[in-house]
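> First, the structure itself, so that you have it in front of you.
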Amino acid sequence: MTDLTVLVVGSGGREHALALAIAADPGVAAVHVAPGNPGTWHSWPSHAVDQLDGPAVAALATEIGADLVVIGPEAPLVAGVADSVRAAGIACFGPSAEAAQLEGSKQFAKDVMMAAGVPTAASRFCRTRDEVAKALDEFGPPYVVKQDGLAAGKGVIVTSDRDAALDHAQACGDVVVEEYLDGPEVSLFVITDGAVGLPLQPAQDFKRVGEGDAGPNTGGMGAYTPLPWAPDGLVDAVMERVVAPTLAEMALRGTPFAGLLYVGLALTSRGLRVVEFNARFGDPETQAVLSLLTSPLGQVLHAAATGHLADVGPLAWRDESAVVVVAAAEGYPAAPRTGGAITGPRLYESDDNVHIVHAGTALDGETLVAAGGRVLGVVATGPTLDEARHDAYAALSQLDFPTGFWRTDIAAKAAAGLIPPVTSL
Ligand code: AMP
Ligand code: GLY
């Protein structure tokens, strides 16, 4: 189908990147964003809507004549917004509320993986401090404790401090305690209609707030793609051992997963393991990955949303590298300082191989200000990872954002060839 009108729901960097890639599809006639952010408002018609209100999103989609609704974040998916849109007779890219439990509950995801025979960390579901203490001692340090429900990437603690692990569990309520997984992490995104899975190019995300992977977990401080150190056959192995059995298990349960299956992996010394599933595109990996996609994204997502993914061939990519570096507000993730002004080039217009996606920004009169934890993502592409990195940091250095900060080591090790190649899958 061509001449598509597409409504992107969400307000973050991922949604800005999705809108950019969908708008670049010649089969797309119009892009709308709801509620969006100052970056998307600049480029596309925008609509104030409560993104957690399914009937309101469905009514908006009907009003603008949308052929496809793409739901970016997890919260509306878990709240059933995709179900409301489909009930209104409009194609929607995003899983049902039931299928989104793959992200909405760590314990649900573990059950599915267990039933499907998907390799993942051994784990224990715990409700009380005693249960947590027992599980911590069973697995030993480093300790991994995960809040069961949604936590915007911040519900997980990895620590060798047993008391800190216990305190985190207490603050979270129901938790999953699991064995520690060593080895580099990979994010693999798979577009699926519930039966067929179409993988995107793998990326790596930087979860910790500080240089050298120090400090607490965040939603993600930067990412790059492709992964020069990843073994051949990685994507095929994940499709065969993780994606196919998971899609089959979800279908068997009567809750097929259609949308974006985000497979978070650790390539451990004992082989690949799933760290987590998410039910939507990753942020900020999407900003890097989509900047290299040459396939028509709007049409591909429409095919997935209407059960026709078998008709779509493998996705095509520019043979380059891409890096995104997130500029966050001082104090992120604990207490980001909002209101700081941001000026500089490219805040609204891309410049050859560099563009800026907005995330937690707002307008104070004419001035762009920080309004959330992760504020902007600077995306650069280049013939090599090193060149893409260089251009991303050159663009960041031109920003005037005194209350912001960013990691200076995004993709540094990979660009310098310092990540030992992974050989066993
Ligand atoms: P999650 O929300 O499950 O993705 O966890 C957030 C981050 O915590 C992951 O990206 C990892 O960096 C880290 N993490 C989660 N589970 C484990 C584990 N079992 N072993 C080591 N690190 C983990
Ligand atoms: N970048 C990690 C996530 O989107 O969950």
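Identifiers in the structure tokens: chain A, B, ... in order shown; residue index from 1 per chain; ligand index from 1 in order shown.
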Could you give me, as a Markdown table, every chain A residue with an atom at most 6 Å from ligand 1, plus its closest atom pair and distance in Å to one decimal, counting only C-alpha atoms and all ligand atoms, rows ordered by chain then number?

| residue | atom | partner | partner_atom_place_in_ligand_line | distance |
| --- | --- | --- | --- | --- |
| A:Ala121 | CA | ligand 1 | 19 (N) | 5.6 |
| A:Val144 | CA | ligand 1 | 18 (C) | 5.8 |
| A:Gly153 | CA | ligand 1 | 2 (O) | 5.0 |
| A:Val156 | CA | ligand 1 | 5 (O) | 5.3 |
| A:Glu178 | CA | ligand 1 | 19 (N) | 5.6 |
| A:Glu179 | CA | ligand 1 | 19 (N) | 5.2 |
| A:Tyr180 | CA | ligand 1 | 20 (N) | 3.6 |
| A:Leu181 | CA | ligand 1 | 20 (N) | 3.7 |
| A:Val275 | CA | ligand 1 | 16 (N) | 5.2 |
| A:Glu276 | CA | ligand 1 | 3 (O) | 4.6 |
> Compile the contact shell of Asp391 (chain A) as a list in words: residues with an atom at most 8 Å away, counting only C-alpha atoms, same-chain residues fewer than 2 positions apart removed.
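Once the nearby chain positions are removed, what remains is Val354, Ala380, Thr381, Glu387, Ala388, Arg389, Tyr393, Ala394 and Ala395 of chain A.
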> Could you write out the selected residues, including N, CA, C and O atoms, as a compact mmCIF listing (two decimals), in the first residue's frame?

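Saved the output as out-v3.txt:
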# COMPACT_ATOMS: atom_id res chain seq x y z
N VAL A 354 24.82 14.41 9.79
CA VAL A 354 24.55 14.58 11.22
C VAL A 354 23.15 15.13 11.42
O VAL A 354 22.74 16.05 10.71
N ALA A 380 25.16 10.58 14.04
CA ALA A 380 26.04 10.79 12.90
C ALA A 380 26.28 9.47 12.19
O ALA A 380 26.37 8.42 12.84
N THR A 381 26.37 9.54 10.87
CA THR A 381 26.72 8.35 10.10
C THR A 381 28.06 8.63 9.41
O THR A 381 28.45 9.79 9.24
N GLU A 387 34.76 7.48 12.15
CA GLU A 387 34.35 8.76 11.54
C GLU A 387 32.97 9.19 12.02
O GLU A 387 32.73 10.38 12.28
N ALA A 388 32.06 8.22 12.16
CA ALA A 388 30.73 8.56 12.65
C ALA A 388 30.83 9.13 14.06
O ALA A 388 30.20 10.14 14.42
N ARG A 389 31.64 8.49 14.87
CA ARG A 389 31.87 8.94 16.26
C ARG A 389 32.45 10.34 16.29
O ARG A 389 32.00 11.21 17.03
N TYR A 393 30.56 13.67 18.00
CA TYR A 393 31.14 14.47 19.08
C TYR A 393 31.47 15.89 18.63
O TYR A 393 31.35 16.85 19.41
N ALA A 394 31.84 16.05 17.36
CA ALA A 394 32.09 17.41 16.85
C ALA A 394 30.79 18.21 16.91
O ALA A 394 30.78 19.39 17.30
N ALA A 395 29.67 17.56 16.56
CA ALA A 395 28.38 18.27 16.59
C ALA A 395 27.99 18.59 18.03
O ALA A 395 27.47 19.68 18.32
> Between A:Pro284, A:Pro216, A:Gly10, A:Gly149, single out the one closest to ligand 2, counting only C-alpha atoms and all ligand atoms.
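Once distances to ligand 2 are computed over only C-alpha atoms and all ligand atoms, the minimum belongs to A:Pro284.
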> Would you list the residues that come within 12 Å of ligand 2? Count only C-alpha atoms and all ligand atoms and give the answer as a PDB file with C-alpha atoms, in the first residue's frame.

ATOM      1  CA  GLY A  12      10.768  10.753  22.756  1.00  0.00           C
ATOM      2  CA  GLY A  13      13.883  10.435  20.659  1.00  0.00           C
ATOM      3  CA  ARG A  14      12.737   7.052  19.372  1.00  0.00           C
ATOM      4  CA  GLU A  15       9.509   8.553  18.051  1.00  0.00           C
ATOM      5  CA  GLY A  72       6.539   4.068  20.144  1.00  0.00           C
ATOM      6  CA  PRO A  73       6.744   3.632  23.929  1.00  0.00           C
ATOM      7  CA  GLU A  74       5.958   0.675  26.147  1.00  0.00           C
ATOM      8  CA  GLU A 103       8.043  -6.292  28.471  1.00  0.00           C
ATOM      9  CA  GLY A 104       5.469  -5.352  31.113  1.00  0.00           C
ATOM     10  CA  LEU A 150       7.792  -1.307  33.926  1.00  0.00           C
ATOM     11  CA  ALA A 151      10.558   0.989  35.182  1.00  0.00           C
ATOM     12  CA  ALA A 152      11.845   2.919  32.147  1.00  0.00           C
ATOM     13  CA  GLY A 153      15.123   0.986  32.173  1.00  0.00           C
ATOM     14  CA  LYS A 154      15.853   1.997  35.750  1.00  0.00           C
ATOM     15  CA  GLY A 155      14.384  -0.929  37.709  1.00  0.00           C
ATOM     16  CA  VAL A 156      17.496  -3.093  37.496  1.00  0.00           C
ATOM     17  CA  GLU A 185      25.396  -6.852  25.180  1.00  0.00           C
ATOM     18  CA  VAL A 186      23.573  -6.638  21.864  1.00  0.00           C
ATOM     19  CA  SER A 187      20.168  -5.161  21.028  1.00  0.00           C
ATOM     20  CA  LEU A 188      18.447  -6.913  18.133  1.00  0.00           C
ATOM     21  CA  PHE A 189      15.126  -5.502  16.916  1.00  0.00           C
ATOM     22  CA  ALA A 203      23.213  -2.406  17.772  1.00  0.00           C
ATOM     23  CA  GLN A 204      24.894  -1.861  21.106  1.00  0.00           C
ATOM     24  CA  ASP A 205      23.498   0.418  23.778  1.00  0.00           C
ATOM     25  CA  PHE A 206      25.291   2.084  26.705  1.00  0.00           C
ATOM     26  CA  LYS A 207      23.053   1.664  29.734  1.00  0.00           C
ATOM     27  CA  ARG A 208      25.148   3.129  32.538  1.00  0.00           C
ATOM     28  CA  ASN A 217      21.449   2.228  34.797  1.00  0.00           C
ATOM     29  CA  THR A 218      19.619   4.696  32.578  1.00  0.00           C
ATOM     30  CA  GLY A 219      17.291   4.357  29.604  1.00  0.00           C
ATOM     31  CA  GLY A 220      20.460   4.410  27.442  1.00  0.00           C
ATOM     32  CA  MET A 221      23.173   7.050  26.946  1.00  0.00           C
ATOM     33  CA  GLY A 222      24.231   6.231  23.389  1.00  0.00           C
ATOM     34  CA  ALA A 223      24.417   3.477  20.799  1.00  0.00           C
ATOM     35  CA  TYR A 224      26.100   2.406  17.583  1.00  0.00           C
ATOM     36  CA  LEU A 260       8.587  -4.901  17.463  1.00  0.00           C
ATOM     37  CA  LEU A 261      10.254  -7.617  19.478  1.00  0.00           C
ATOM     38  CA  TYR A 262      13.358  -6.133  21.071  1.00  0.00           C
ATOM     39  CA  VAL A 263      15.754  -8.884  22.039  1.00  0.00           C
ATOM     40  CA  GLY A 264      18.330  -7.697  24.588  1.00  0.00           C
ATOM     41  CA  LEU A 265      21.170 -10.219  24.565  1.00  0.00           C
ATOM     42  CA  VAL A 275      18.786 -10.421  29.101  1.00  0.00           C
ATOM     43  CA  GLU A 276      15.344  -8.980  28.432  1.00  0.00           C
ATOM     44  CA  PHE A 277      12.564  -8.588  25.923  1.00  0.00           C
ATOM     45  CA  ASN A 278      10.988  -5.250  25.152  1.00  0.00           C
ATOM     46  CA  ALA A 279       7.812  -4.777  23.160  1.00  0.00           C
ATOM     47  CA  ARG A 280       8.941  -1.724  21.183  1.00  0.00           C
ATOM     48  CA  PHE A 281      11.938  -0.157  19.455  1.00  0.00           C
ATOM     49  CA  GLY A 282      14.874   0.579  21.765  1.00  0.00           C
ATOM     50  CA  ASP A 283      15.822   4.114  22.622  1.00  0.00           C
ATOM     51  CA  PRO A 284      18.454   5.317  21.659  1.00  0.00           C
ATOM     52  CA  GLU A 285      19.514   2.356  19.463  1.00  0.00           C
ATOM     53  CA  THR A 286      16.673   3.110  17.028  1.00  0.00           C
ATOM     54  CA  GLN A 287      18.114   6.533  16.295  1.00  0.00           C
ATOM     55  CA  ALA A 288      21.347   4.909  15.057  1.00  0.00           C
ATOM     56  CA  VAL A 289      19.815   1.849  13.383  1.00  0.00           C
ATOM     57  CA  VAL A 324      24.077   8.300  18.571  1.00  0.00           C
ATOM     58  CA  VAL A 325      25.223  10.135  21.689  1.00  0.00           C
ATOM     59  CA  VAL A 326      22.581  11.227  24.190  1.00  0.00           C
ATOM     60  CA  ARG A 374      17.454  12.362  28.180  1.00  0.00           C
TER      61      ARG A 374
END
> Please provide the set of residues having any atom within 8 Å of Pro336 (chain A), restricted to only C-alpha atoms, with same-chain residues fewer than 5 positions apart removed, written as a ChimeraX atom specification.
/A:328-331,372-373
> Kindly export the residues of the current selection with N, CA and C atoms, as a JSON list (two decimals), in the first residue's frame.

[["chain", "number", "residue", "atom", "x", "y", "z"],
["A", 328, "ALA", "N", 22.10, 14.44, 28.14],
["A", 328, "ALA", "CA", 21.12, 14.32, 29.23],
["A", 328, "ALA", "C", 21.19, 15.57, 30.11],
["A", 329, "ALA", "N", 20.16, 15.71, 30.94],
["A", 329, "ALA", "CA", 20.14, 16.84, 31.86],
["A", 329, "ALA", "C", 20.91, 16.48, 33.13],
["A", 330, "GLU", "N", 21.73, 17.39, 33.59],
["A", 330, "GLU", "CA", 22.47, 17.22, 34.84],
["A", 330, "GLU", "C", 21.60, 16.58, 35.91],
["A", 331, "GLY", "N", 22.13, 15.60, 36.59],
["A", 331, "GLY", "CA", 21.35, 14.96, 37.65],
["A", 331, "GLY", "C", 20.65, 13.68, 37.19],
["A", 372, "GLY", "N", 13.43, 16.92, 30.36],
["A", 372, "GLY", "CA", 13.40, 15.53, 30.83],
["A", 372, "GLY", "C", 14.81, 15.06, 31.07],
["A", 373, "GLY", "N", 14.97, 13.78, 31.35],
["A", 373, "GLY", "CA", 16.28, 13.24, 31.66],
["A", 373, "GLY", "C", 17.17, 13.17, 30.43]]
